[in-house]
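Reading through the structure tokens given below for one structure.
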Amino acid sequence: MTVIKHIVFDVGQVLIYWNPEIPFRYLIPNDQKRQWFLREVCNGSWNIEQDRGRSWHDAERILIEEHPDEAELICAFRKHWIEMIPHKIEDSVAIMKELVKDGMDVTLLTNFNQETFPLAREKYPFLKLARGETVSGEIGLIKPDRAIYDHHTTTHDLDPQATLFFDDSQKNVDGARAFGWRAELFVSAEQMAQDLQKHGINVGR
């Protein structure tokens with residue numbers, strides 16, 4: 001089996017926690033209304049298009065045309081976005097830092113909007129420790145599109161068979177494996193350490 005030379009981390013829910021409900025708990029105190037709003041208005045299918053590169057200006061305009069009575073709350077999604085990433089995931093970040101310290105080649109591959117990723121980097125400087133990153137919104141591709149794995153591999157000069165990827169989404173893991181990377185589903189830092197060991201990399205010695 002080829003020795004792992006490259007570790008690729010997803011960002012959201014692997015290295016930093018993201019929850020869009022956090023600011024809306026006080027913006028929309030009514031549980032039923034809040035759940036409706038995040039399910040029917042500012043929902044996942046709308047938000048993923050920002051990860052694909054759609055500007056927040058366009059995203060807000062489209063939704064306000066559909067839900068004019070919710071304009072203020074629609075704009076609040078971007079206005080309060082930084083509150084949605086309240087903390088890093090300590091133990092997995094510790095693993096990442098250890099890998100970097102040990103000289104492992106570490107990069108990031110994330111579905112993230114190009115306007116908000118710099119805010120995350122500013123809040124969490126450890127994201128700058130990676131050798132490089134692919135941000136979906138910057139290139140107009142999102143996981144699990146095969147093209148984004150190809151782009152990351154080419155841009156960062158990776159050997160696919162020597163690459164190990166961690167993501168919290170099974171479909172993104174499956175996409176990476178179909179491309180030729182080795183990949184594991186992130187469920188906890190403890191499991192991540194076990195998966196690294198399975199692939200011949202020891203952490204926490």
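Following the order of the structure tokens, first chain is A, next is B, and so on, with residues numbered from 1 inside each chain and ligands from 1 in the order they appear.
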
Where does DSSP see helix (DSSP H, G or I) in region 86-167 of chain A, if you list the residues as number ranges by chain? A: 90-101, 117-123, 125-129, 136-139, 146-155, 160-162

Strand (DSSP E) per DSSP on the backbone: members of region 56-187 of chain A, as number ranges by chain: A: 105-110, 132-135, 163-167, 182-185

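In this structure, CA of Met84 (chain A) sits 7.3 Å away from CA of Glu21 (chain A).
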
Residue neighbourhood Val41 (chain A), 9 Å, only C-alpha atoms, exclusion window fewer than 3 positions, as a PyMOL selection string: chain A and resi 36-38+46+63+66-67+70+74

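The nearest approach to Gly140 (chain A) among the residues A:Arg52, A:Arg34, A:Arg39, A:Lys198, with only C-alpha atoms taken into account, belongs to A:Arg52.
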
Need the shell around Val173 (chain A): protein/DNA/RNA residues with any atom at most 7 Å away, counting only C-alpha atoms. Skip same-chain ones fewer than 4 positions apart. Format as a ChimeraX atom specification? /A:167,169,177,183-185

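The two atoms in question, CA of Pro144 (chain A) and CA of Ser55 (chain A), are spaced 20.8 Å apart.
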
Figure out the distance between CA of Pro160 (chain A) and CA of Phe179 (chain A), please, to one decimal in Å.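 Distance between the two atoms: 8.0 Å.
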
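Of the residues under consideration (A:Gln170, A:Gln161, A:Asn202, A:Gln191), A:Gln161 shows the shortest atom-to-atom contact distance to Val3 (chain A) when counting only C-alpha atoms.
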
With only C-alpha atoms as the atoms that count, which of A:Lys5, A:Leu158, A:Asn43, A:Ala94 lies nearest to Leu127 (chain A)? A:Ala94

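Distances here use only C-alpha atoms; by that measure, the residue among A:Phe77, A:Trp56, A:Phe117, A:Tyr124 closest to Val93 (chain A) is A:Tyr124.
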
Considering only C-alpha atoms, return as a list in words whatever protein or nucleic-acid residues lie within 9 Å of Ser92 (chain A), sequence-local ones (same chain, fewer than 2 positions apart) excluded. Val14, Leu15, Lys88, Ile89, Glu90, Ala94, Ile95, Met96, Lys97, Ser188, Ala189, Glu190, Met192 and Ala193 of chain A

Please, could you write that set of residues out with C-alpha atoms as an mmCIF file, in the first residue's frame?
```
data_model
loop_
_atom_site.group_PDB
_atom_site.id
_atom_site.type_symbol
_atom_site.label_atom_id
_atom_site.label_comp_id
_atom_site.auth_asym_id
_atom_site.auth_seq_id
_atom_site.Cartn_x
_atom_site.Cartn_y
_atom_site.Cartn_z
ATOM 1 C CA VAL A 14 -14.280 18.914 11.082
ATOM 2 C CA LEU A 15 -12.068 21.791 12.238
ATOM 3 C CA LYS A 88 -13.102 25.350 16.760
ATOM 4 C CA ILE A 89 -13.277 21.591 17.218
ATOM 5 C CA GLU A 90 -10.407 21.431 19.665
ATOM 6 C CA ALA A 94 -4.864 19.520 17.778
ATOM 7 C CA ILE A 95 -4.372 16.580 15.419
ATOM 8 C CA MET A 96 -3.996 18.906 12.444
ATOM 9 C CA LYS A 97 -1.415 21.007 14.282
ATOM 10 C CA SER A 188 -14.791 12.422 16.170
ATOM 11 C CA ALA A 189 -11.154 13.274 16.775
ATOM 12 C CA GLU A 190 -10.721 9.950 18.513
ATOM 13 C CA MET A 192 -9.739 10.356 13.242
ATOM 14 C CA ALA A 193 -6.656 9.320 15.234
#
```

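The shortest atom-to-atom distance to Ile85 (chain A), with only C-alpha atoms taken into account, belongs to A:Ile22 out of A:Leu141, A:Cys42, A:Ile22, A:Leu73.
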
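For the residues A:Asp168, A:Asp10, A:Asp145, A:Glu49, ranking by smallest atom-to-atom distance to Ile62 (chain A) using only C-alpha atoms places A:Glu49 first.
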
For region 101-110 of chain A, list every protein, DNA or RNA residue within 10 Å, evaluated using only C-alpha atoms, and leave out those in the same chain fewer than 5 positions away; present the list as a PyMOL selection string. chain A and resi 4-12+51+95-96+117+127-137+142-143+148-149+152+156+158+163-167+201+203

Do you know which residues are at most 12 Å from His57 (chain A) counting only C-alpha atoms, after dropping those on the same chain fewer than 3 positions away, and could you put them as a ChimeraX atom specification? /A:50,53-54,60-64,74-75,77-79,115

Let me see the file: selected residues, C-alpha atoms, as a PDB file, in the first residue's frame.
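What landed in out_22.pdb:
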```
ATOM      1  CA  GLN A  50     -23.130  30.521  -1.924  1.00  0.00           C
ATOM      2  CA  GLY A  53     -19.686  30.981  -5.576  1.00  0.00           C
ATOM      3  CA  ARG A  54     -22.943  32.921  -5.728  1.00  0.00           C
ATOM      4  CA  GLU A  60     -30.343  37.855  -0.716  1.00  0.00           C
ATOM      5  CA  ARG A  61     -31.999  39.413  -3.761  1.00  0.00           C
ATOM      6  CA  ILE A  62     -33.361  36.074  -4.978  1.00  0.00           C
ATOM      7  CA  LEU A  63     -34.870  35.160  -1.609  1.00  0.00           C
ATOM      8  CA  ILE A  64     -36.299  38.615  -0.944  1.00  0.00           C
ATOM      9  CA  ILE A  74     -32.858  37.028   5.091  1.00  0.00           C
ATOM     10  CA  CYS A  75     -30.207  39.753   5.277  1.00  0.00           C
ATOM     11  CA  PHE A  77     -28.157  35.424   7.745  1.00  0.00           C
ATOM     12  CA  ARG A  78     -25.063  37.065   6.259  1.00  0.00           C
ATOM     13  CA  LYS A  79     -24.977  39.907   8.801  1.00  0.00           C
ATOM     14  CA  GLU A 115     -16.704  36.035   0.941  1.00  0.00           C
TER      15      GLU A 115
END
```
